[in-house]
Amino acid sequence: MSNYARAKWADWADHIRSLDDPAKNSEKPEALDDLVVIDVSSRSMAGCYCSSLLAELGAETIRIEPPGGDLVRTYSPDGIMVKDTGLAYLQEGRNKFHITLDLEKKESREIFKSLIGYADVLIETYPTGTMDAWGIGYEELSKINPKLIFASITTYGQFGPESGRKQYDYDNIAQARSGAQYQCGEVLPEGKSLKEAPSCVPTKAGPWIAWATAGTYACHGILAAVYYRESTGEGQAIDVSSAEAYERLNDYALLWYADTGIINERFGSLDTALWLYGFFPTKDGGVFLGGLRLEMWKGFVDILGKYDEWGAEKWDSLLPFMRDKATQLKYQALMNPLTSLYTSQELTQKSVDYAKTGRFAPITPVVAAIVSPWETMHDENWIDRGMFTPVQDPVYGSIVCAQAQWKATETPPRTKWVCRPVGYDNGYVYLKYLGYGPTKLKELEGKGII
């Protein structure tokens, strides 16, 4: 057998794996284990997503729901429920202690104020003004606990012309109002209206991306506030609008319009700012093709066997392909039947081979197969990195949930349990923080408080 020199990257891979392998996360300290987070999110996964990020880093996170549970527990495809919980919330109930408290009742709000005295962070998603009307807004609670970090996530924000709308935060509204989804969808043919070409209507993102984005920015703001509090001792209010958070992902489209007045119209699977950059059909599905330098684009034309026919030798810049939509659409029409002659794997292999022997080797276009969720969850790379390692939950059993999105050598995130039923931790939390035993809890339950 021939002897092959071990690649340098392989040595590094073994070394870094020994330091940040998610399988060893439970042996390491948690970065936020001295924080107490209270999450009173209502109907919105943005707040739940935010508190999940903090809980994964060790914050003691107390999720407060109304008796009977929050509406988010019902979000699930085909109405599937695992015990009392839909599939969506099984992803975002992780590492949280779940208690019940009806904040619409005055007595409940007094109990809530007592809990706030122990909290570092509060996350809420009620319509703007609701918490204030109940006497538990930022001004009131900061008097009780000056170190409190009070994070609000709403559709329109805490101020502005529409902030007073008594509307809960919904992902589809944030997507619609952000301007981002306007750009997503098939090209509207010249001179046609949406009535004539209804398939060209803007499309929504598949996952609840606006909620996830808002939750991420809220978490970012909370962590910055915690850092600031270390030197000042002061808490603060954080105001996140889901639509604004998602707008941040618009990138060049905002500047393009601000500078030139040009609206970034829908362009299907292509991109007005880049070439070669888009999705193309294959015999068994589709691939992403990327060639962000001239040689990569020429290389792919070479792979298709059209280098001479299309006059690629004369091309000296990618700018013509980015300045003119008609040019991109022309080559898309030429490429679609050619890429459809191959499977996704065959095109990927052609790119790999071209890097070794092609005209522009080692330069080669990027080719990546578009895979289904099933293929993603069975992908050896993600399995090896611990992304889909089942969590053995004491209540819900073996559950696959996305985890370990980032690895860390010292204080990695982890999923200790997946979720808890409604009110599961009433006994533990109320006894620990307020000294309420079984008799008191029975009394509160009888009043509909918990």
# chains A, B, ... in the order shown; residues from 1 in each chain; ligands from 1
>>> residues_around(residues="Ser231 of chain A", least_positions_apart="6", cutoff="12 Å", atoms="only C-alpha atoms", output="ChimeraX atom specification")
/A:147,224-225
>>> closest_atom_pairs(of="segment 280-334 of chain A", to="segment 188-201 of chain A", cutoff="12 Å", atoms="only C-alpha atoms", output="CSV")
residue,atom,partner,partner_atom,distance
A:Lys325,CA,A:Glu190,CA,11.8
A:Ala326,CA,A:Glu190,CA,10.9
A:Leu329,CA,A:Pro189,CA,11.3
>>> atom_distance(atom1="atom CA of Lys356 of chain A", atom2="atom CA of Met296 of chain A")
13.6 Å
>>> closest_residue(among="A:Val418, A:Leu444, A:Ile111, A:Val72", to="Ala55 of chain A", atoms="only C-alpha atoms")
A:Val418
>>> residues_around(residues="segment 305-317 of chain A", least_positions_apart="6", cutoff="10 Å", atoms="only C-alpha atoms", output="short mmCIF file (atom, residue, chain, number, x, y, z; two decimals) with N, CA and C atoms, in the first residue's frame")
data_model
loop_
_atom_site.label_atom_id
_atom_site.label_comp_id
_atom_site.auth_asym_id
_atom_site.auth_seq_id
_atom_site.Cartn_x
_atom_site.Cartn_y
_atom_site.Cartn_z
N ARG A 293 -15.44 35.17 -9.45
CA ARG A 293 -14.34 35.77 -10.20
C ARG A 293 -14.42 35.26 -11.63
N LEU A 294 -13.89 36.01 -12.54
CA LEU A 294 -14.07 35.73 -13.96
C LEU A 294 -13.63 34.31 -14.33
N GLU A 295 -12.48 33.89 -13.78
CA GLU A 295 -11.96 32.56 -14.14
C GLU A 295 -12.91 31.44 -13.69
N TRP A 297 -16.25 31.65 -13.52
CA TRP A 297 -17.35 31.64 -14.47
C TRP A 297 -16.91 31.02 -15.79
N LYS A 298 -15.74 31.42 -16.27
CA LYS A 298 -15.23 30.82 -17.50
C LYS A 298 -15.02 29.31 -17.32
N GLY A 299 -14.57 28.94 -16.14
CA GLY A 299 -14.34 27.53 -15.86
C GLY A 299 -15.62 26.71 -15.96
N TYR A 331 -28.12 33.91 -20.15
CA TYR A 331 -27.26 32.77 -19.85
C TYR A 331 -27.95 31.75 -18.96
N MET A 335 -28.09 27.88 -19.80
CA MET A 335 -27.49 26.93 -18.86
C MET A 335 -28.47 25.90 -18.34
N LEU A 338 -28.58 22.58 -19.98
CA LEU A 338 -27.28 21.90 -19.90
C LEU A 338 -27.04 21.32 -18.52
#
>>> select_by_dssp(residues="segment 5-235 of chain A", states="strand (DSSP E or B)", output="PyMOL selection string")
chain A and resi 36-39+60-65+81-82+85-86+96-100+121-124+149-154
>>> residues_around(residues="segment 97-103 of chain A", least_positions_apart="5", cutoff="8 Å", atoms="only C-alpha atoms", output="list in words")
Glu60, Thr61, Ile62, Arg63, Ile64, Glu65, Pro66, Pro67, Gly69, Ser108, Arg109, Phe112, Arg420, Pro421, Val422, Gly423, Tyr424, Asp425, Asn426, Val429, Gly448, Ile449 and Ile450 of chain A
>>> write_last_selection(atoms="C-alpha atoms", output="PDB file, in the first residue's frame")
ATOM      1  CA  GLU A  60     -31.169  29.856  34.657  1.00  0.00           C
ATOM      2  CA  THR A  61     -34.137  30.599  32.452  1.00  0.00           C
ATOM      3  CA  ILE A  62     -37.651  30.679  33.847  1.00  0.00           C
ATOM      4  CA  ARG A  63     -40.348  30.502  31.203  1.00  0.00           C
ATOM      5  CA  ILE A  64     -43.656  31.932  32.451  1.00  0.00           C
ATOM      6  CA  GLU A  65     -46.832  30.874  30.642  1.00  0.00           C
ATOM      7  CA  PRO A  66     -50.484  31.486  31.443  1.00  0.00           C
ATOM      8  CA  PRO A  67     -52.316  28.547  33.047  1.00  0.00           C
ATOM      9  CA  GLY A  69     -49.889  27.206  28.300  1.00  0.00           C
ATOM     10  CA  SER A 108     -50.362  37.463  39.795  1.00  0.00           C
ATOM     11  CA  ARG A 109     -48.580  40.686  38.947  1.00  0.00           C
ATOM     12  CA  PHE A 112     -44.333  38.578  39.336  1.00  0.00           C
ATOM     13  CA  ARG A 420     -41.012  20.824  30.052  1.00  0.00           C
ATOM     14  CA  PRO A 421     -44.809  20.528  30.202  1.00  0.00           C
ATOM     15  CA  VAL A 422     -46.907  23.543  31.186  1.00  0.00           C
ATOM     16  CA  GLY A 423     -46.255  24.422  34.829  1.00  0.00           C
ATOM     17  CA  TYR A 424     -43.876  21.490  35.290  1.00  0.00           C
ATOM     18  CA  ASP A 425     -41.491  23.463  37.514  1.00  0.00           C
ATOM     19  CA  ASN A 426     -44.006  25.394  39.623  1.00  0.00           C
ATOM     20  CA  VAL A 429     -39.229  27.649  41.163  1.00  0.00           C
ATOM     21  CA  GLY A 448     -56.557  30.592  38.683  1.00  0.00           C
ATOM     22  CA  ILE A 449     -53.316  32.454  39.453  1.00  0.00           C
ATOM     23  CA  ILE A 450     -51.136  29.521  38.361  1.00  0.00           C
TER      24      ILE A 450
END
>>> residues_around(residues="Ala151 of chain A", least_positions_apart="5", cutoff="8 Å", atoms="only C-alpha atoms", output="PDB file with C-alpha atoms, in the first residue's frame")
ATOM      1  CA  VAL A 121     -32.978  39.730  32.469  1.00  0.00           C
ATOM      2  CA  LEU A 122     -36.632  39.945  31.462  1.00  0.00           C
ATOM      3  CA  ILE A 123     -37.814  39.112  27.925  1.00  0.00           C
ATOM      4  CA  GLU A 124     -41.342  40.082  26.833  1.00  0.00           C
ATOM      5  CA  ALA A 218     -32.324  40.796  21.334  1.00  0.00           C
ATOM      6  CA  ILE A 222     -28.863  41.602  26.314  1.00  0.00           C
ATOM      7  CA  ALA A 237     -34.324  48.689  28.460  1.00  0.00           C
ATOM      8  CA  ILE A 238     -33.807  47.023  25.070  1.00  0.00           C
ATOM      9  CA  ASP A 239     -36.280  47.690  22.264  1.00  0.00           C
ATOM     10  CA  VAL A 240     -36.270  45.269  19.308  1.00  0.00           C
TER      11      VAL A 240
END
>>> atom_distance(atom1="atom CA of Asp171 of chain A", atom2="atom CA of Trp211 of chain A")
5.4 Å
>>> closest_residue(among="A:Leu441, A:Glu139, A:Arg229, A:Thr339", to="Tyr428 of chain A", atoms="only C-alpha atoms")
A:Leu441
>>> residues_around(residues="segment 404-410 of chain A", least_positions_apart="4", cutoff="12 Å", atoms="only C-alpha atoms", output="PyMOL selection string")
chain A and resi 15-31+53+56-57+382-391+414-416
>>> atom_distance(atom1="atom CA of His378 of chain A", atom2="atom CA of Tyr75 of chain A")
24.9 Å
>>> closest_residue(among="A:Leu347, A:Cys184, A:Leu289, A:Ala369", to="Glu265 of chain A", atoms="only C-alpha atoms")
A:Cys184
>>> select_by_dssp(residues="segment 188-302 of chain A", states="helix (DSSP H, G or I)", output="number ranges by chain")
A: 198-200, 209-232, 242-250, 252-260, 294-302
>>> write_last_selection(atoms="N, CA and C atoms", output="short mmCIF file (atom, residue, chain, number, x, y, z; two decimals), in the first residue's frame")
data_model
loop_
_atom_site.label_atom_id
_atom_site.label_comp_id
_atom_site.auth_asym_id
_atom_site.auth_seq_id
_atom_site.Cartn_x
_atom_site.Cartn_y
_atom_site.Cartn_z
N PRO A 198 -49.57 35.43 -11.53
CA PRO A 198 -49.67 35.28 -10.07
C PRO A 198 -48.54 34.48 -9.44
N SER A 199 -47.85 33.65 -10.23
CA SER A 199 -46.74 32.86 -9.67
C SER A 199 -45.54 33.74 -9.34
N CYS A 200 -45.58 35.00 -9.75
CA CYS A 200 -44.46 35.92 -9.50
C CYS A 200 -44.67 36.77 -8.26
N ILE A 209 -37.87 33.15 9.89
CA ILE A 209 -36.56 33.81 9.93
C ILE A 209 -36.61 35.18 10.60
N ALA A 210 -37.72 35.91 10.48
CA ALA A 210 -37.81 37.22 11.13
C ALA A 210 -37.83 37.06 12.65
N TRP A 211 -38.55 36.08 13.14
CA TRP A 211 -38.56 35.81 14.58
C TRP A 211 -37.16 35.43 15.06
N ALA A 212 -36.49 34.55 14.30
CA ALA A 212 -35.15 34.12 14.70
C ALA A 212 -34.17 35.29 14.69
N THR A 213 -34.29 36.15 13.68
CA THR A 213 -33.40 37.31 13.59
C THR A 213 -33.64 38.27 14.74
N ALA A 214 -34.91 38.54 15.04
CA ALA A 214 -35.23 39.43 16.16
C ALA A 214 -34.73 38.85 17.48
N GLY A 215 -34.92 37.55 17.67
CA GLY A 215 -34.46 36.91 18.89
C GLY A 215 -32.95 36.97 19.03
N THR A 216 -32.26 36.82 17.90
CA THR A 216 -30.80 36.87 17.92
C THR A 216 -30.30 38.27 18.30
N TYR A 217 -30.90 39.31 17.68
CA TYR A 217 -30.49 40.68 18.01
C TYR A 217 -30.84 41.04 19.45
N ALA A 218 -31.97 40.54 19.94
CA ALA A 218 -32.32 40.80 21.33
C ALA A 218 -31.29 40.16 22.27
N CYS A 219 -30.87 38.95 21.95
CA CYS A 219 -29.84 38.27 22.74
C CYS A 219 -28.53 39.05 22.69
N HIS A 220 -28.19 39.53 21.51
CA HIS A 220 -26.98 40.34 21.33
C HIS A 220 -27.04 41.59 22.21
N GLY A 221 -28.20 42.26 22.20
CA GLY A 221 -28.37 43.45 23.04
C GLY A 221 -28.30 43.13 24.52
N ILE A 222 -28.88 42.01 24.91
CA ILE A 222 -28.86 41.60 26.31
C ILE A 222 -27.44 41.35 26.79
N LEU A 223 -26.66 40.63 25.99
CA LEU A 223 -25.29 40.32 26.40
C LEU A 223 -24.44 41.60 26.49
N ALA A 224 -24.67 42.54 25.57
CA ALA A 224 -23.96 43.82 25.66
C ALA A 224 -24.36 44.58 26.92
N ALA A 225 -25.66 44.52 27.26
CA ALA A 225 -26.14 45.18 28.47
C ALA A 225 -25.58 44.55 29.73
N VAL A 226 -25.43 43.24 29.71
CA VAL A 226 -24.83 42.54 30.86
C VAL A 226 -23.38 42.99 31.04
N TYR A 227 -22.67 43.10 29.93
CA TYR A 227 -21.27 43.56 29.99
C TYR A 227 -21.20 44.98 30.53
N TYR A 228 -22.08 45.85 30.05
CA TYR A 228 -22.11 47.25 30.52
C TYR A 228 -22.44 47.32 32.01
N ARG A 229 -23.34 46.46 32.44
CA ARG A 229 -23.75 46.46 33.84
C ARG A 229 -22.61 46.07 34.78
N GLU A 230 -21.68 45.28 34.27
CA GLU A 230 -20.55 44.87 35.10
C GLU A 230 -19.74 46.06 35.58
N SER A 231 -19.66 47.11 34.76
CA SER A 231 -18.86 48.27 35.15
C SER A 231 -19.68 49.40 35.75
N THR A 232 -21.01 49.40 35.50
CA THR A 232 -21.84 50.52 35.97
C THR A 232 -22.84 50.12 37.04
N SER A 242 -39.13 43.36 15.32
CA SER A 242 -38.84 42.20 14.47
C SER A 242 -38.63 42.61 13.01
N ALA A 243 -39.45 43.54 12.55
CA ALA A 243 -39.31 43.98 11.16
C ALA A 243 -37.98 44.69 10.95
N GLU A 244 -37.59 45.56 11.90
CA GLU A 244 -36.29 46.25 11.79
C GLU A 244 -35.14 45.27 11.82
N ALA A 245 -35.25 44.28 12.70
CA ALA A 245 -34.17 43.28 12.81
C ALA A 245 -33.98 42.56 11.48
N TYR A 246 -35.10 42.18 10.87
CA TYR A 246 -35.01 41.46 9.60
C TYR A 246 -34.55 42.38 8.47
N GLU A 247 -34.92 43.66 8.56
CA GLU A 247 -34.46 44.62 7.56
C GLU A 247 -32.93 44.67 7.48
N ARG A 248 -32.28 44.40 8.61
CA ARG A 248 -30.81 44.44 8.65
C ARG A 248 -30.20 43.50 7.62
N LEU A 249 -30.94 42.46 7.24
CA LEU A 249 -30.42 41.48 6.29
C LEU A 249 -30.59 41.92 4.84
N ASN A 250 -31.19 43.09 4.62
CA ASN A 250 -31.36 43.59 3.26
C ASN A 250 -30.04 43.97 2.59
N TYR A 252 -27.21 45.26 0.58
CA TYR A 252 -27.01 46.25 -0.48
C TYR A 252 -28.30 46.83 -1.03
N ALA A 253 -29.44 46.12 -0.86
CA ALA A 253 -30.69 46.60 -1.44
C ALA A 253 -31.08 47.96 -0.87
N LEU A 254 -30.82 48.17 0.42
CA LEU A 254 -31.16 49.45 1.04
C LEU A 254 -30.29 50.58 0.49
N LEU A 255 -28.99 50.33 0.43
CA LEU A 255 -28.07 51.35 -0.06
C LEU A 255 -28.31 51.64 -1.53
N TRP A 256 -28.63 50.61 -2.29
CA TRP A 256 -28.88 50.77 -3.72
C TRP A 256 -30.05 51.72 -3.94
N TYR A 257 -31.11 51.51 -3.16
CA TYR A 257 -32.26 52.38 -3.30
C TYR A 257 -31.96 53.79 -2.79
N ALA A 258 -31.29 53.89 -1.64
CA ALA A 258 -30.99 55.20 -1.06
C ALA A 258 -30.11 56.04 -1.97
N ASP A 259 -29.20 55.37 -2.67
CA ASP A 259 -28.23 56.10 -3.50
C ASP A 259 -28.76 56.40 -4.90
N THR A 260 -29.54 55.46 -5.45
CA THR A 260 -29.95 55.59 -6.85
C THR A 260 -31.46 55.62 -7.07
N LEU A 294 -13.89 36.01 -12.54
CA LEU A 294 -14.07 35.73 -13.96
C LEU A 294 -13.63 34.31 -14.33
N GLU A 295 -12.48 33.89 -13.78
CA GLU A 295 -11.96 32.56 -14.14
C GLU A 295 -12.91 31.44 -13.69
N MET A 296 -13.62 31.65 -12.58
CA MET A 296 -14.56 30.62 -12.11
C MET A 296 -15.76 30.51 -13.05
N TRP A 297 -16.25 31.65 -13.52
CA TRP A 297 -17.35 31.64 -14.47
C TRP A 297 -16.91 31.02 -15.79
N LYS A 298 -15.74 31.42 -16.27
CA LYS A 298 -15.23 30.82 -17.50
C LYS A 298 -15.02 29.31 -17.32
N GLY A 299 -14.57 28.94 -16.14
CA GLY A 299 -14.34 27.53 -15.86
C GLY A 299 -15.62 26.71 -15.96
N PHE A 300 -16.71 27.27 -15.44
CA PHE A 300 -17.96 26.51 -15.52
C PHE A 300 -18.44 26.40 -16.96
N VAL A 301 -18.29 27.47 -17.71
CA VAL A 301 -18.63 27.40 -19.14
C VAL A 301 -17.80 26.32 -19.82
N ASP A 302 -16.54 26.22 -19.42
CA ASP A 302 -15.65 25.19 -19.95
C ASP A 302 -16.15 23.80 -19.59
#
>>> residues_around(residues="Leu115 of chain A", least_positions_apart="5", cutoff="9 Å", atoms="only C-alpha atoms", output="PyMOL selection string")
chain A and resi 38+110+430+433-434
>>> decode(residues="segment 187-267 of chain A", atoms="C-alpha atoms", output="compact mmCIF listing (two decimals), in the first residue's frame")
# COMPACT_ATOMS: atom_id res chain seq x y z
CA VAL A 187 -39.06 37.47 -12.16
CA LEU A 188 -42.16 39.40 -13.19
CA PRO A 189 -42.11 39.40 -17.01
CA GLU A 190 -41.76 42.79 -18.65
CA GLY A 191 -45.12 44.46 -19.11
CA LYS A 192 -47.00 41.86 -17.04
CA SER A 193 -48.94 42.42 -13.83
CA LEU A 194 -49.24 40.08 -10.86
CA LYS A 195 -52.82 39.43 -11.92
CA GLU A 196 -51.49 38.11 -15.22
CA ALA A 197 -48.55 36.26 -13.61
CA PRO A 198 -49.67 35.28 -10.07
CA SER A 199 -46.74 32.86 -9.67
CA CYS A 200 -44.46 35.92 -9.50
CA VAL A 201 -45.90 37.19 -6.22
CA PRO A 202 -43.24 37.72 -3.50
CA THR A 203 -42.58 34.55 -1.53
CA LYS A 204 -42.09 34.20 2.22
CA ALA A 205 -39.01 32.61 3.73
CA GLY A 206 -39.57 28.96 4.63
CA PRO A 207 -38.58 29.11 8.31
CA TRP A 208 -39.64 31.81 10.79
CA ILE A 209 -36.56 33.81 9.93
CA ALA A 210 -37.81 37.22 11.13
CA TRP A 211 -38.56 35.81 14.58
CA ALA A 212 -35.15 34.12 14.70
CA THR A 213 -33.40 37.31 13.59
CA ALA A 214 -35.23 39.43 16.16
CA GLY A 215 -34.46 36.91 18.89
CA THR A 216 -30.80 36.87 17.92
CA TYR A 217 -30.49 40.68 18.01
CA ALA A 218 -32.32 40.80 21.33
CA CYS A 219 -29.84 38.27 22.74
CA HIS A 220 -26.98 40.34 21.33
CA GLY A 221 -28.37 43.45 23.04
CA ILE A 222 -28.86 41.60 26.31
CA LEU A 223 -25.29 40.32 26.40
CA ALA A 224 -23.96 43.82 25.66
CA ALA A 225 -26.14 45.18 28.47
CA VAL A 226 -24.83 42.54 30.86
CA TYR A 227 -21.27 43.56 29.99
CA TYR A 228 -22.11 47.25 30.52
CA ARG A 229 -23.75 46.46 33.84
CA GLU A 230 -20.55 44.87 35.10
CA SER A 231 -18.86 48.27 35.15
CA THR A 232 -21.84 50.52 35.97
CA GLY A 233 -24.21 48.40 38.02
CA GLU A 234 -27.07 49.72 35.86
CA GLY A 235 -29.70 47.81 33.97
CA GLN A 236 -31.41 49.12 30.84
CA ALA A 237 -34.32 48.69 28.46
CA ILE A 238 -33.81 47.02 25.07
CA ASP A 239 -36.28 47.69 22.26
CA VAL A 240 -36.27 45.27 19.31
CA SER A 241 -38.64 45.51 16.35
CA SER A 242 -38.84 42.20 14.47
CA ALA A 243 -39.31 43.98 11.16
CA GLU A 244 -36.29 46.25 11.79
CA ALA A 245 -34.17 43.28 12.81
CA TYR A 246 -35.01 41.46 9.60
CA GLU A 247 -34.46 44.62 7.56
CA ARG A 248 -30.81 44.44 8.65
CA LEU A 249 -30.42 41.48 6.29
CA ASN A 250 -31.36 43.59 3.26
CA ASP A 251 -27.71 44.60 2.90
CA TYR A 252 -27.01 46.25 -0.48
CA ALA A 253 -30.69 46.60 -1.44
CA LEU A 254 -31.16 49.45 1.04
CA LEU A 255 -28.07 51.35 -0.06
CA TRP A 256 -28.88 50.77 -3.72
CA TYR A 257 -32.26 52.38 -3.30
CA ALA A 258 -30.99 55.20 -1.06
CA ASP A 259 -28.23 56.10 -3.50
CA THR A 260 -29.95 55.59 -6.85
CA GLY A 261 -33.66 55.14 -6.22
CA ILE A 262 -33.50 51.69 -7.83
CA ILE A 263 -35.66 49.02 -6.21
CA ASN A 264 -34.16 45.55 -6.05
CA GLU A 265 -36.88 43.66 -7.89
CA ARG A 266 -37.45 39.92 -7.72
CA PHE A 267 -34.90 38.01 -9.74
